[in-house]
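Colleague: Next comes final.cif, mmCIF, C-alpha atoms and all ligand atoms:
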```cif
data_query
#
loop_
_atom_site.label_atom_id
_atom_site.label_comp_id
_atom_site.auth_asym_id
_atom_site.auth_seq_id
_atom_site.Cartn_x
_atom_site.Cartn_y
_atom_site.Cartn_z
CA MET A 1 58.58 187.43 63.34
CA LYS A 2 57.12 184.10 64.40
CA ILE A 3 55.09 183.85 67.60
CA GLY A 4 54.38 180.35 68.91
CA VAL A 5 51.65 179.34 71.31
CA ALA A 6 52.56 176.19 73.19
CA LYS A 7 50.17 173.61 74.56
CA GLU A 8 50.14 173.40 78.35
CA VAL A 9 51.31 170.07 79.72
CA GLU A 10 50.82 170.62 83.45
CA TYR A 11 48.09 168.50 84.95
CA ARG A 12 44.98 170.65 85.54
CA GLU A 13 46.12 173.49 83.26
CA ARG A 14 43.31 173.91 80.75
CA ARG A 15 43.89 177.53 79.79
CA VAL A 16 45.58 178.70 76.60
CA ALA A 17 47.79 181.75 76.07
CA LEU A 18 45.96 182.96 72.95
CA ILE A 19 42.38 182.35 71.86
CA PRO A 20 41.40 182.58 68.16
CA ASP A 21 39.80 186.03 68.62
CA ALA A 22 43.11 187.48 69.79
CA ILE A 23 44.99 186.31 66.71
CA ALA A 24 43.66 188.62 63.99
CA LYS A 25 45.00 191.75 65.74
CA LEU A 26 48.46 190.21 65.98
CA THR A 27 48.60 189.07 62.36
CA LYS A 28 47.57 192.62 61.35
CA GLN A 29 50.82 193.77 63.00
CA GLY A 30 52.69 191.52 60.58
CA LEU A 31 53.29 188.75 63.12
CA GLU A 32 53.14 185.12 62.01
CA ILE A 33 51.30 183.01 64.60
CA TRP A 34 51.99 179.31 65.07
CA VAL A 35 49.86 177.30 67.47
CA GLU A 36 50.53 173.78 68.64
CA SER A 37 47.89 171.38 67.36
CA GLY A 38 45.28 170.52 69.98
CA LEU A 39 46.19 173.75 71.83
CA GLY A 40 42.64 174.55 72.87
CA GLU A 41 41.20 171.07 73.19
CA GLN A 42 40.63 171.53 76.93
CA SER A 43 39.31 175.06 76.64
CA CYS A 44 36.89 174.48 73.74
CA PHE A 45 38.91 176.29 71.04
CA GLU A 46 39.35 174.07 68.00
CA ASP A 47 42.36 173.96 65.68
CA SER A 48 40.05 174.98 62.80
CA ALA A 49 39.08 178.16 64.68
CA TYR A 50 42.76 179.08 65.05
CA GLU A 51 43.31 178.42 61.33
CA GLU A 52 40.31 180.54 60.37
CA ALA A 53 41.72 183.32 62.56
CA GLY A 54 44.95 183.25 60.55
CA ALA A 55 47.23 181.01 62.63
CA GLN A 56 49.23 178.04 61.38
CA VAL A 57 48.59 174.83 63.30
CA ILE A 58 51.84 172.92 63.91
CA SER A 59 51.74 169.32 65.04
CA ASP A 60 55.51 168.97 65.67
CA LYS A 61 56.07 170.41 69.15
CA GLU A 62 59.85 170.48 68.81
CA LYS A 63 59.65 172.40 65.53
CA LEU A 64 57.33 174.96 67.13
CA TRP A 65 59.51 175.49 70.21
CA LYS A 66 62.74 175.70 68.19
CA GLU A 67 61.64 177.80 65.23
CA VAL A 68 59.52 180.55 66.73
CA ASP A 69 61.09 183.80 67.94
CA VAL A 70 58.66 184.34 70.82
CA LEU A 71 56.89 181.58 72.73
CA LEU A 72 53.68 182.31 74.64
CA LYS A 73 52.42 180.08 77.46
CA VAL A 74 50.21 180.24 80.52
CA GLY A 75 52.29 178.21 83.00
CA SER A 76 56.06 177.93 83.24
CA PRO A 77 57.80 175.30 81.11
CA VAL A 78 58.34 171.88 82.66
CA GLU A 79 61.86 170.44 83.00
CA GLU A 80 61.77 168.53 79.67
CA GLU A 81 60.65 171.67 77.84
CA LEU A 82 63.57 173.76 79.08
CA GLY A 83 65.85 171.83 76.70
CA LEU A 84 63.71 172.99 73.77
CA LEU A 85 64.42 176.64 74.52
CA THR A 86 67.30 177.73 72.31
CA PRO A 87 69.52 180.77 73.09
CA GLY A 88 67.92 184.10 72.17
CA LYS A 89 64.39 182.74 72.44
CA VAL A 90 61.82 185.00 74.08
CA LEU A 91 59.41 183.31 76.50
CA ILE A 92 56.35 185.07 77.94
CA SER A 93 54.29 183.28 80.60
CA PHE A 94 53.52 183.02 84.30
CA LEU A 95 56.86 181.87 85.74
CA ASN A 96 56.33 182.12 89.52
CA PRO A 97 59.77 183.79 89.71
CA LEU A 98 59.81 184.32 93.48
CA GLY A 99 58.50 180.81 94.15
CA GLN A 100 60.91 179.00 91.80
CA PRO A 101 64.00 181.21 91.37
CA GLU A 102 66.12 178.16 90.46
CA MET A 103 64.00 177.71 87.32
CA ILE A 104 64.61 181.36 86.46
CA GLN A 105 68.34 180.69 86.83
CA LYS A 106 68.00 177.84 84.30
CA LEU A 107 66.27 180.19 81.86
CA ALA A 108 69.10 182.70 82.31
CA ASN A 109 71.69 179.94 81.78
CA ALA A 110 69.89 178.93 78.57
CA GLN A 111 70.23 182.56 77.33
CA VAL A 112 66.44 182.89 77.16
CA THR A 113 64.80 186.31 77.42
CA ALA A 114 61.98 185.51 79.80
CA LEU A 115 59.11 187.85 80.63
CA SER A 116 57.13 186.94 83.71
CA MET A 117 53.45 187.83 83.66
CA GLU A 118 53.54 188.05 87.49
CA LEU A 119 55.98 190.96 87.23
CA ILE A 120 53.81 193.25 85.07
CA PRO A 121 53.77 196.47 87.14
CA ARG A 122 50.43 197.08 88.93
CA THR A 123 50.04 200.54 87.34
CA SER A 124 47.16 202.05 85.41
CA ARG A 125 49.30 202.09 82.23
CA ALA A 126 49.83 198.33 82.44
CA GLN A 127 46.31 197.47 83.63
CA SER A 128 45.25 195.74 80.41
CA MET A 129 48.33 193.47 80.64
CA ASP A 130 47.78 192.59 84.30
CA ALA A 131 47.18 188.84 84.20
CA LEU A 132 47.52 188.44 87.97
CA SER A 133 44.43 190.61 88.34
CA SER A 134 42.42 189.04 85.53
CA GLN A 135 43.04 185.53 86.86
CA ALA A 136 42.52 186.54 90.51
CA GLY A 137 39.09 187.85 89.52
CA VAL A 138 38.21 184.45 88.06
CA ALA A 139 39.40 182.71 91.25
CA GLY A 140 37.38 185.03 93.50
CA TYR A 141 34.21 184.39 91.52
CA LYS A 142 34.67 180.62 91.36
CA ALA A 143 35.53 180.38 95.08
CA VAL A 144 32.08 181.69 95.95
CA LEU A 145 30.35 179.26 93.59
CA ILE A 146 32.29 176.37 95.16
CA ALA A 147 31.31 177.56 98.63
CA ALA A 148 27.66 177.95 97.63
CA ALA A 149 27.62 174.43 96.17
CA ALA A 150 29.15 172.93 99.33
CA LEU A 151 26.99 174.89 101.80
CA PRO A 152 23.84 173.01 102.86
CA LYS A 153 21.98 176.33 102.89
CA PHE A 154 20.68 178.98 100.48
CA PHE A 155 22.70 182.16 100.01
CA PRO A 156 19.72 184.55 99.55
CA MET A 157 16.94 185.40 101.92
CA LEU A 158 13.77 183.63 100.77
CA THR A 159 10.22 184.28 101.84
CA THR A 160 8.24 181.17 100.98
CA ALA A 161 5.03 179.42 102.01
CA ALA A 162 7.31 176.99 103.81
CA GLY A 163 8.71 179.79 105.94
CA THR A 164 11.39 182.44 105.76
CA ILE A 165 14.98 181.51 105.03
CA ARG A 166 17.62 183.80 106.46
CA PRO A 167 20.44 184.84 104.10
CA ALA A 168 23.81 183.17 104.44
CA LYS A 169 26.60 185.15 106.06
CA VAL A 170 29.83 185.26 104.07
CA PHE A 171 33.10 186.55 105.52
CA VAL A 172 35.84 187.40 103.01
CA ILE A 173 39.39 187.77 104.36
CA GLY A 174 41.69 189.77 102.10
CA ALA A 175 39.97 192.33 99.90
CA GLY A 176 42.41 192.46 96.96
CA VAL A 177 41.33 191.63 93.42
CA ALA A 178 40.11 188.08 94.24
CA GLY A 179 38.47 189.16 97.49
CA LEU A 180 36.56 192.02 95.86
CA GLN A 181 35.24 189.72 93.13
CA ALA A 182 34.27 187.18 95.83
CA ILE A 183 32.38 189.91 97.70
CA ALA A 184 30.56 191.01 94.53
CA THR A 185 29.66 187.43 93.62
CA ALA A 186 28.40 186.55 97.11
CA ARG A 187 26.33 189.76 97.13
CA ARG A 188 24.82 188.88 93.72
CA LEU A 189 23.80 185.53 95.17
CA GLY A 190 22.06 187.37 98.00
CA ALA A 191 24.39 186.72 100.94
CA VAL A 192 25.11 189.19 103.72
CA VAL A 193 28.83 189.90 103.31
CA GLU A 194 31.58 191.15 105.61
CA ALA A 195 35.21 191.60 104.62
CA PHE A 196 38.50 192.10 106.41
CA ASP A 197 41.84 193.41 105.17
CA ILE A 198 44.84 194.94 106.91
CA ARG A 199 45.01 197.64 104.22
CA PRO A 200 42.58 200.37 105.32
CA ALA A 201 42.45 201.76 101.76
CA VAL A 202 40.10 198.97 100.66
CA LYS A 203 37.33 200.01 103.05
CA GLU A 204 35.53 202.19 100.49
CA GLU A 205 35.71 199.54 97.76
CA VAL A 206 34.29 196.91 100.12
CA GLN A 207 31.47 199.21 101.16
CA SER A 208 30.69 200.19 97.58
CA LEU A 209 29.99 196.51 96.87
CA GLY A 210 27.40 196.46 99.65
CA ALA A 211 29.54 194.63 102.22
CA LYS A 212 30.50 195.63 105.74
CA PHE A 213 34.19 196.37 106.31
CA VAL A 214 35.63 194.79 109.43
CA GLU A 215 38.26 197.28 110.48
CA VAL A 216 41.32 196.89 112.66
CA THR A 217 43.56 199.79 113.64
CA LEU A 218 47.17 198.64 113.65
CA ASN A 219 50.05 200.77 114.91
CA GLU A 220 52.21 200.15 111.86
CA GLU A 221 52.32 200.68 108.11
CA THR A 222 50.53 197.75 106.42
CA VAL A 223 51.07 198.81 102.83
CA ALA A 224 54.30 198.15 100.91
CA GLU A 225 55.52 199.44 97.56
CA GLY A 226 52.94 199.00 94.77
CA GLY A 227 50.00 198.99 97.18
CA TYR A 228 50.62 195.40 98.34
CA ALA A 229 50.26 194.27 101.94
CA ARG A 230 53.49 193.92 103.89
CA GLU A 231 54.17 191.25 106.49
CA ILE A 232 52.87 192.55 109.84
CA SER A 233 54.35 192.29 113.38
CA GLU A 234 53.41 189.55 115.84
CA ASP A 235 51.38 192.05 117.89
CA SER A 236 49.39 193.16 114.84
CA LYS A 237 48.87 189.53 113.86
CA ARG A 238 47.44 188.76 117.29
CA ARG A 239 45.12 191.77 117.21
CA SER A 240 43.82 191.00 113.75
CA GLN A 241 43.36 187.32 114.67
CA GLU A 242 41.15 188.24 117.63
CA LEU A 243 38.93 190.29 115.36
CA VAL A 244 38.92 187.66 112.60
CA ALA A 245 37.96 184.97 115.16
CA GLU A 246 34.78 186.85 116.17
CA HIS A 247 33.60 187.08 112.57
CA VAL A 248 34.64 183.56 111.51
CA LYS A 249 32.57 182.13 114.36
CA THR A 250 29.29 183.54 113.06
CA ALA A 251 29.91 183.06 109.33
CA ASP A 252 28.33 180.32 107.21
CA VAL A 253 31.07 180.76 104.62
CA VAL A 254 34.62 182.07 104.97
CA ILE A 255 36.61 182.85 101.82
CA THR A 256 40.29 183.58 102.45
CA THR A 257 42.42 185.32 99.82
CA ALA A 258 45.21 186.99 101.84
CA GLN A 259 48.66 186.98 100.29
CA VAL A 260 51.93 188.80 100.76
CA PRO A 261 53.95 188.70 97.50
CA GLY A 262 56.98 186.43 97.68
CA LYS A 263 56.11 185.13 101.17
CA LYS A 264 54.19 182.18 102.53
CA ALA A 265 50.51 183.13 102.91
CA PRO A 266 49.68 184.56 106.36
CA ARG A 267 47.99 182.07 108.71
CA LEU A 268 44.75 183.81 109.70
CA VAL A 269 42.18 181.12 110.49
CA THR A 270 43.27 178.64 113.14
CA LYS A 271 41.94 175.15 113.87
CA GLU A 272 40.24 176.54 116.99
CA MET A 273 38.40 179.15 114.90
CA VAL A 274 37.19 176.48 112.46
CA ALA A 275 36.02 174.29 115.36
CA GLN A 276 33.90 177.20 116.62
CA MET A 277 31.99 177.52 113.33
CA LYS A 278 28.53 175.99 113.00
CA PRO A 279 28.47 172.43 111.58
CA GLY A 280 27.88 172.53 107.82
CA SER A 281 29.78 175.80 107.40
CA VAL A 282 32.33 176.10 104.60
CA VAL A 283 35.80 177.62 104.30
CA VAL A 284 37.36 178.13 100.85
CA ASP A 285 41.07 178.92 101.12
CA LEU A 286 42.34 180.56 97.95
CA ALA A 287 45.83 180.70 99.43
CA ALA A 288 45.98 176.91 99.98
CA GLU A 289 48.71 176.53 97.34
CA GLN A 290 50.85 179.19 99.06
CA GLY A 291 50.72 177.43 102.44
CA GLY A 292 47.14 178.38 103.32
CA ASN A 293 45.42 181.16 105.26
CA CYS A 294 43.57 178.45 107.18
CA GLU A 295 45.44 176.02 109.40
CA VAL A 296 43.17 173.15 108.36
CA SER A 297 43.31 173.53 104.59
CA GLU A 298 45.29 171.23 102.31
CA ALA A 299 45.95 172.23 98.70
CA GLY A 300 43.77 170.24 96.31
CA LYS A 301 41.67 168.66 99.06
CA ASP A 302 38.33 169.06 100.81
CA VAL A 303 38.91 168.47 104.52
CA VAL A 304 36.01 168.04 106.94
CA TYR A 305 37.08 169.34 110.35
CA GLU A 306 34.65 169.32 113.29
CA GLY A 307 31.73 169.34 110.83
CA VAL A 308 33.13 172.24 108.77
CA THR A 309 34.17 171.67 105.13
CA VAL A 310 37.50 173.32 104.39
CA ILE A 311 38.29 173.48 100.67
CA GLY A 312 41.78 174.24 99.31
CA PRO A 313 41.34 174.60 95.55
CA ILE A 314 44.25 174.50 93.12
CA ASN A 315 44.40 176.67 90.00
CA LEU A 316 40.78 177.83 89.98
CA PRO A 317 41.20 180.00 86.87
CA ALA A 318 41.87 176.80 84.87
CA SER A 319 38.41 175.56 85.83
CA MET A 320 36.88 178.48 83.89
CA ALA A 321 39.18 177.94 80.92
CA ILE A 322 37.18 179.82 78.27
CA HIS A 323 36.88 183.17 79.99
CA ALA A 324 40.15 182.85 81.92
CA SER A 325 41.92 182.21 78.56
CA GLN A 326 40.07 185.09 76.90
CA MET A 327 41.28 187.47 79.60
CA TYR A 328 44.82 186.07 79.68
CA ALA A 329 44.99 186.28 75.88
CA LYS A 330 44.00 189.96 76.07
CA ASN A 331 46.70 190.58 78.70
CA ILE A 332 49.50 188.77 76.85
CA SER A 333 48.62 190.10 73.38
CA THR A 334 48.51 193.67 74.74
CA LEU A 335 51.99 193.10 76.16
CA LEU A 336 53.18 191.61 72.88
CA ASN A 337 51.78 194.55 70.90
CA TYR A 338 53.55 196.85 73.31
CA LEU A 339 56.87 195.06 72.75
CA VAL A 340 56.67 194.93 68.97
CA LYS A 341 57.61 197.98 66.91
CA GLU A 342 57.33 197.68 63.11
CA GLY A 343 57.23 193.90 63.22
CA GLU A 344 60.35 193.61 65.42
CA LEU A 345 60.79 193.09 69.12
CA ASN A 346 61.92 196.27 70.83
CA LEU A 347 63.19 195.65 74.36
CA ASP A 348 63.53 199.18 75.68
CA PHE A 349 64.84 198.72 79.21
CA ASP A 350 64.14 202.41 80.00
CA ASP A 351 60.45 201.54 79.88
CA ASP A 352 59.10 200.57 83.32
CA ILE A 353 56.73 197.90 81.99
CA ILE A 354 59.47 196.20 79.98
CA SER A 355 62.24 196.52 82.55
CA GLY A 356 59.86 195.35 85.30
CA THR A 357 58.64 192.30 83.40
CA VAL A 358 61.83 190.96 81.77
CA VAL A 359 63.23 188.59 84.38
CA THR A 360 66.13 187.09 82.39
CA HIS A 361 68.10 188.55 79.46
CA GLY A 362 71.62 188.12 78.11
CA GLY A 363 72.33 185.20 80.46
CA GLU A 364 71.47 187.24 83.58
CA ILE A 365 68.61 187.41 86.07
CA ARG A 366 67.52 191.06 85.94
CA ASN A 367 65.17 191.20 88.90
CA GLN A 368 66.74 191.90 92.31
CA ARG A 369 63.97 190.18 94.32
CA VAL A 370 64.43 187.00 92.28
CA LYS A 371 68.21 187.18 92.82
CA ASP A 372 67.60 187.57 96.56
CA ALA A 373 65.15 184.64 96.58
CA LEU A 374 67.73 182.50 94.76
CA ALA A 375 70.50 183.49 97.16
CA SER A 376 68.36 182.63 100.18
CA GLU A 377 67.48 179.23 98.65
CA GLN A 378 71.13 178.48 98.02
CA SER A 379 72.23 179.70 101.44
CA PRO A 380 72.90 176.85 103.91
CA VAL A 381 70.82 178.61 106.60
CA ALA A 382 67.77 179.02 104.34
CA ASN A 383 64.67 177.26 105.56
P1 LIG B 1 47.21 189.92 96.91
O1 LIG B 1 46.71 188.77 96.10
O2 LIG B 1 48.69 190.12 97.05
O3 LIG B 1 46.57 189.83 98.39
C1 LIG B 1 45.17 189.75 98.58
C2 LIG B 1 44.74 190.65 99.73
O4 LIG B 1 45.16 190.09 100.97
C3 LIG B 1 45.32 192.06 99.70
O5 LIG B 1 44.25 192.98 99.67
C4 LIG B 1 46.13 192.15 100.99
O6 LIG B 1 46.07 193.44 101.57
C5 LIG B 1 45.43 191.14 101.87
N1 LIG B 1 46.23 190.69 103.02
C6 LIG B 1 47.56 190.40 103.08
N2 LIG B 1 47.91 190.03 104.33
C7 LIG B 1 46.78 190.06 105.09
C8 LIG B 1 46.49 189.79 106.45
N3 LIG B 1 47.43 189.41 107.29
N4 LIG B 1 45.21 189.94 106.87
C9 LIG B 1 44.23 190.34 106.01
N5 LIG B 1 44.44 190.62 104.71
C10 LIG B 1 45.70 190.50 104.25
O7 LIG B 1 46.58 191.27 96.41
P2 LIG B 1 46.14 191.72 94.95
O8 LIG B 1 44.73 191.39 94.78
O9 LIG B 1 47.11 191.23 93.96
O10 LIG B 1 46.26 193.31 95.08
C11 LIG B 1 47.37 193.90 95.76
C12 LIG B 1 47.46 195.39 95.53
O11 LIG B 1 47.72 195.71 94.19
C13 LIG B 1 46.21 196.19 95.89
O12 LIG B 1 46.62 197.42 96.42
C14 LIG B 1 45.56 196.47 94.60
O13 LIG B 1 44.74 197.61 94.65
C15 LIG B 1 46.80 196.70 93.78
N6 LIG B 1 46.48 196.50 92.37
C16 LIG B 1 46.72 197.55 91.51
C17 LIG B 1 46.42 197.38 90.17
C18 LIG B 1 46.67 198.51 89.21
O14 LIG B 1 46.90 199.61 89.61
N7 LIG B 1 46.65 198.22 87.92
C19 LIG B 1 45.92 196.18 89.71
C20 LIG B 1 45.70 195.15 90.61
C21 LIG B 1 46.01 195.32 91.95
#
```
Can you present the structure in this file as structure tokens?
Ligand code: NAD

Modeller:
Amino acid sequence: MKIGVAKEVEYRERRVALIPDAIAKLTKQGLEIWVESGLGEQSCFEDSAYEEAGAQVISDKEKLWKEVDVLLKVGSPVEEELGLLTPGKVLISFLNPLGQPEMIQKLANAQVTALSMELIPRTSRAQSMDALSSQAGVAGYKAVLIAAAALPKFFPMLTTAAGTIRPAKVFVIGAGVAGLQAIATARRLGAVVEAFDIRPAVKEEVQSLGAKFVEVTLNEETVAEGGYAREISEDSKRRSQELVAEHVKTADVVITTAQVPGKKAPRLVTKEMVAQMKPGSVVVDLAAEQGGNCEVSEAGKDVVYEGVTVIGPINLPASMAIHASQMYAKNISTLLNYLVKEGELNLDFDDDIISGTVVTHGGEIRNQRVKDALASEQSPVAN
């Protein structure tokens, strides 16, 4: 069976789906690996390294897309690439299925079997395939470095002959995978860290990283299926905003990471809160691409508002392309190994990992939430 690794064409996407180190294990399984020439030119992996690892480097993109059985990517195919996907092809990549259900419909229409890396179940059994987590960890780390670079202050406490420097105060909102890595990174740099999340279960994890947990008691269930946050009521939003406002005001750095799967990111930091921060303070909004946790942030821009720098980075994992690709390659090759039995693809839909991850097969969309998202987009009352 031929596995192809396609070059990413999206602006800013520097990651690759397989790095040379991941290839040997796959070829040992009897898989033939084709990589598009120049695949790793933006992530420092040379064609020669892929060849040495046992892959064939193919310079004809069309040949690669048409002749492989399974195509691996990081980001979803662009419009022009959809035409290269022939019926029966298997595509594995991030597909943003809830954000672009119409693209998923096109994959179904093209009779492609598409597996969405976002839909890997968040279970211990699938942990080593969980690319959302591996890439969120990269984003959380990098967000803190960006904040530290933009802040006109030190992070650590310093005792020097020129006086004592007080440590920076970092407030992390949303203590999921990205938030926890942001907390750990800010702590390593010596900041005093506080964190807020509507899921009380994260309190212990936050504290174990040496940060203070800012706790709100809400009179409703905040956790949905799979351990994710659910959208909260207006009353709960108001109560959490009051608490968030107190802590934003005194922070030098605010890192926001709050998301609710399939929904626009919750708006947690208002313009008024930003205006109350000290001049020179920094906000990094990791949810900027999903509408933003901060009212001021704009995706891909640094906005200075009332003396506060509000940064809305796009695709941070791509900015750490070597390690982000290494982790993604581990996730996707573990999934591939899981799917392949005796050199052949075995789509056992009784398996929760496989049935959860396959989003289109046999001309149909298989995931109910994607079907619902598509129906609401097509409905005349959808907004
Ligand atoms: P995410 O990216 O969906 O959201 C980030 C954080 O924002 C979450 O902690 C969420 O609770 C928080 N949030 C949402 N709305 C908020 C609000 N209004 N105010 C404050 N915070 C808010 O989350 P994630 O990092 O993908 O993790 C989601 C869940 O999945 C967690 O329970 C995590 O433990 C679980 N998980 C499990 C596994 C596994 O078992 N293999 C792997 C990764 C994550």

Colleague: Hey, which residues come within 8 Å of ligand LIG 1 (chain B) if we count only C-alpha atoms and all ligand atoms? Could you give them as an NGL selection string?

Modeller: :A and (121-127 or 130 or 132-133 or 136 or 173-179 or 196-199 or 202 or 222-223 or 226-232 or 237 or 240 or 257-261 or 265-268)

Colleague: Identify, on the basis of all atoms listed in the file, every residue whose closest approach to Glu342 in chain A does not exceed 12 Å; exclude the query and any residue fewer than 3 positions from it along the same chain; express the result as an NGL selection string.

Modeller: :A and (1 or 26 or 28-31 or 337-339 or 345-346)

Colleague: Between A:Val284, A:Met129, A:Leu347, A:Val269, which has the minimum distance to Lys142 in chain A (counting all atoms listed in the file)?

Modeller: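 Checking each candidate against Lys142 in chain A, we get A:Val284 as the closest.
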
Colleague: With distances taken over all atoms listed in the file, which of A:Ser37, A:Thr256, A:Ser236, A:Thr159 is nearest to Ala182 in chain A?

Modeller: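 Ranked by minimum distance to Ala182 in chain A, first place goes to A:Thr256.
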
Colleague: Find, counting only C-alpha atoms, the residue in A:Arg14, A:Lys278, A:Arg369, A:Lys7 that gets nearest to Leu64 in chain A.

Modeller: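 With only C-alpha atoms as the atom set, the closest residue is A:Lys7.
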
Colleague: Around all the atoms of range 32-40 of chain A listed in the file, draw an axis-aligned box and extend it by 5 Å on each of the six sides; I want its centre and edge lengths in Å to one decimal, as AutoDock Vina command-line options.

Modeller:
```
--center_x 47.9 --center_y 177.8 --center_z 67.4 --size_x 20.5 --size_y 24.6 --size_z 20.9
```

Colleague: Once you count all atoms listed in the file, which residues end up no further than 9 Å from (56.8, 185.0, 90.7) in the file's frame, shown as a list in words?

Modeller: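 So the residues meeting the distance criterion are Phe94, Leu95, Asn96, Pro97, Leu98, Gly99, Gln100, Pro101, Ser116, Met117, Glu118, Leu119, Pro261, Gly262 and Val370 of chain A.
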
Colleague: Between CA of Pro77 in chain A and CA of Trp65 in chain A, measure the distance and give it in Å to one decimal.

Modeller: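 It comes out at 11.0 Å.
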
Colleague: Identify, on the basis of only C-alpha atoms, every residue whose closest approach to Ile165 in chain A does not exceed 10 Å; exclude the query and any residue fewer than 5 positions from it along the same chain; express the result as a list in words.

Modeller: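 My reading of the contact set: Lys153, Phe154, Phe155, Pro156, Met157, Leu158, Thr159 and Thr160 of chain A.
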
Colleague: Ranking A:Val170, A:Val74, A:Leu115, A:Ala321 by minimum distance to Ser355 in chain A and counting all atoms listed in the file, which one comes first?

Modeller: A:Leu115

Colleague: Using Å and a single decimal, report how far CA of Leu145 in chain A sits from CA of Thr309 in chain A.

Modeller: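 Taking CA of Thr309 in chain A and CA of Leu145 in chain A, their separation equals 14.3 Å.
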
Colleague: Got a sec: who's within 10 Å of range 208-213 of chain A, counting only C-alpha atoms, leaving out chain neighbours fewer than 2 positions off, as a PyMOL selection string?

Modeller: chain A and resi 170-172+175+180-181+183-188+191-197+200+202-206+215-216

Colleague: Identify which of the residues A:Lys264, A:Lys66, A:Lys249, A:Arg166 lies closest to Ser281 in chain A, counting all atoms listed in the file when measuring atom-to-atom distances.

Modeller: A:Lys249

Colleague: So which one's closest to Lys89 in chain A, A:Gly356, A:Gly362, A:Gly75, A:Gly280? Using all atoms listed in the file, please.

Modeller: A:Gly362

Colleague: Leaving out Val282 in chain A and any residue of its chain fewer than 2 positions from it, which residues lie within 8 Å of it when counting all atoms listed in the file, given as a PyMOL selection string?

Modeller: chain A and resi 147+150-151+252-254+280+284+308-311

Colleague: Skipping near chain neighbours, those fewer than 5 positions away, what residues fall within 8 Å of Ala275 in chain A using all atoms listed in the file, listed as a PDB file with C-alpha atoms, keeping the file's coordinate frame?

Modeller:
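Output file around_31.pdb follows:
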```
ATOM      1  CA  TYR A 305      37.080 169.340 110.350  1.00  0.00           C
ATOM      2  CA  GLU A 306      34.650 169.320 113.290  1.00  0.00           C
ATOM      3  CA  GLY A 307      31.730 169.340 110.830  1.00  0.00           C
ATOM      4  CA  VAL A 308      33.130 172.240 108.770  1.00  0.00           C
TER       5      VAL A 308
END
```

Colleague: Working from the structure I just supplied, which lacks atoms in range 169-182 of chain A, can you model N, CA and C atoms there and output them as a PDB file, in the coordinates of the input?

Modeller:
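The resulting part.pdb:
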```
ATOM      1  N   LYS A 169      25.632 184.108 105.705  1.00  0.00           N
ATOM      2  CA  LYS A 169      26.600 185.150 106.060  1.00  0.00           C
ATOM      3  C   LYS A 169      27.973 184.733 105.535  1.00  0.00           C
ATOM      4  N   VAL A 170      28.525 185.571 104.691  1.00  0.00           N
ATOM      5  CA  VAL A 170      29.830 185.260 104.070  1.00  0.00           C
ATOM      6  C   VAL A 170      30.870 186.241 104.606  1.00  0.00           C
ATOM      7  N   PHE A 171      32.014 185.715 105.016  1.00  0.00           N
ATOM      8  CA  PHE A 171      33.100 186.550 105.520  1.00  0.00           C
ATOM      9  C   PHE A 171      34.310 186.372 104.600  1.00  0.00           C
ATOM     10  N   VAL A 172      34.716 187.463 103.950  1.00  0.00           N
ATOM     11  CA  VAL A 172      35.840 187.400 103.010  1.00  0.00           C
ATOM     12  C   VAL A 172      37.071 188.016 103.690  1.00  0.00           C
ATOM     13  N   ILE A 173      38.155 187.263 103.727  1.00  0.00           N
ATOM     14  CA  ILE A 173      39.390 187.770 104.360  1.00  0.00           C
ATOM     15  C   ILE A 173      40.403 188.058 103.264  1.00  0.00           C
ATOM     16  N   GLY A 174      40.805 189.318 103.175  1.00  0.00           N
ATOM     17  CA  GLY A 174      41.690 189.770 102.100  1.00  0.00           C
ATOM     18  C   GLY A 174      40.823 190.359 101.002  1.00  0.00           C
ATOM     19  N   ALA A 175      40.834 191.687 100.891  1.00  0.00           N
ATOM     20  CA  ALA A 175      39.970 192.330  99.900  1.00  0.00           C
ATOM     21  C   ALA A 175      40.812 192.926  98.772  1.00  0.00           C
ATOM     22  N   GLY A 176      41.661 192.081  98.168  1.00  0.00           N
ATOM     23  CA  GLY A 176      42.410 192.460  96.960  1.00  0.00           C
ATOM     24  C   GLY A 176      41.512 192.157  95.764  1.00  0.00           C
ATOM     25  N   VAL A 177      42.125 191.850  94.630  1.00  0.00           N
ATOM     26  CA  VAL A 177      41.330 191.630  93.420  1.00  0.00           C
ATOM     27  C   VAL A 177      40.396 190.416  93.582  1.00  0.00           C
ATOM     28  N   ALA A 178      40.938 189.290  94.077  1.00  0.00           N
ATOM     29  CA  ALA A 178      40.110 188.080  94.240  1.00  0.00           C
ATOM     30  C   ALA A 178      39.032 188.309  95.296  1.00  0.00           C
ATOM     31  N   GLY A 179      39.420 188.929  96.393  1.00  0.00           N
ATOM     32  CA  GLY A 179      38.470 189.160  97.490  1.00  0.00           C
ATOM     33  C   GLY A 179      37.324 190.058  97.055  1.00  0.00           C
ATOM     34  N   LEU A 180      37.631 191.109  96.298  1.00  0.00           N
ATOM     35  CA  LEU A 180      36.560 192.020  95.860  1.00  0.00           C
ATOM     36  C   LEU A 180      35.600 191.316  94.909  1.00  0.00           C
ATOM     37  N   GLN A 181      36.132 190.459  94.049  1.00  0.00           N
ATOM     38  CA  GLN A 181      35.240 189.720  93.130  1.00  0.00           C
ATOM     39  C   GLN A 181      34.413 188.696  93.933  1.00  0.00           C
ATOM     40  N   ALA A 182      35.022 188.122  94.981  1.00  0.00           N
ATOM     41  CA  ALA A 182      34.270 187.180  95.830  1.00  0.00           C
ATOM     42  C   ALA A 182      33.130 187.920  96.541  1.00  0.00           C
TER      43      ALA A 182
END
```
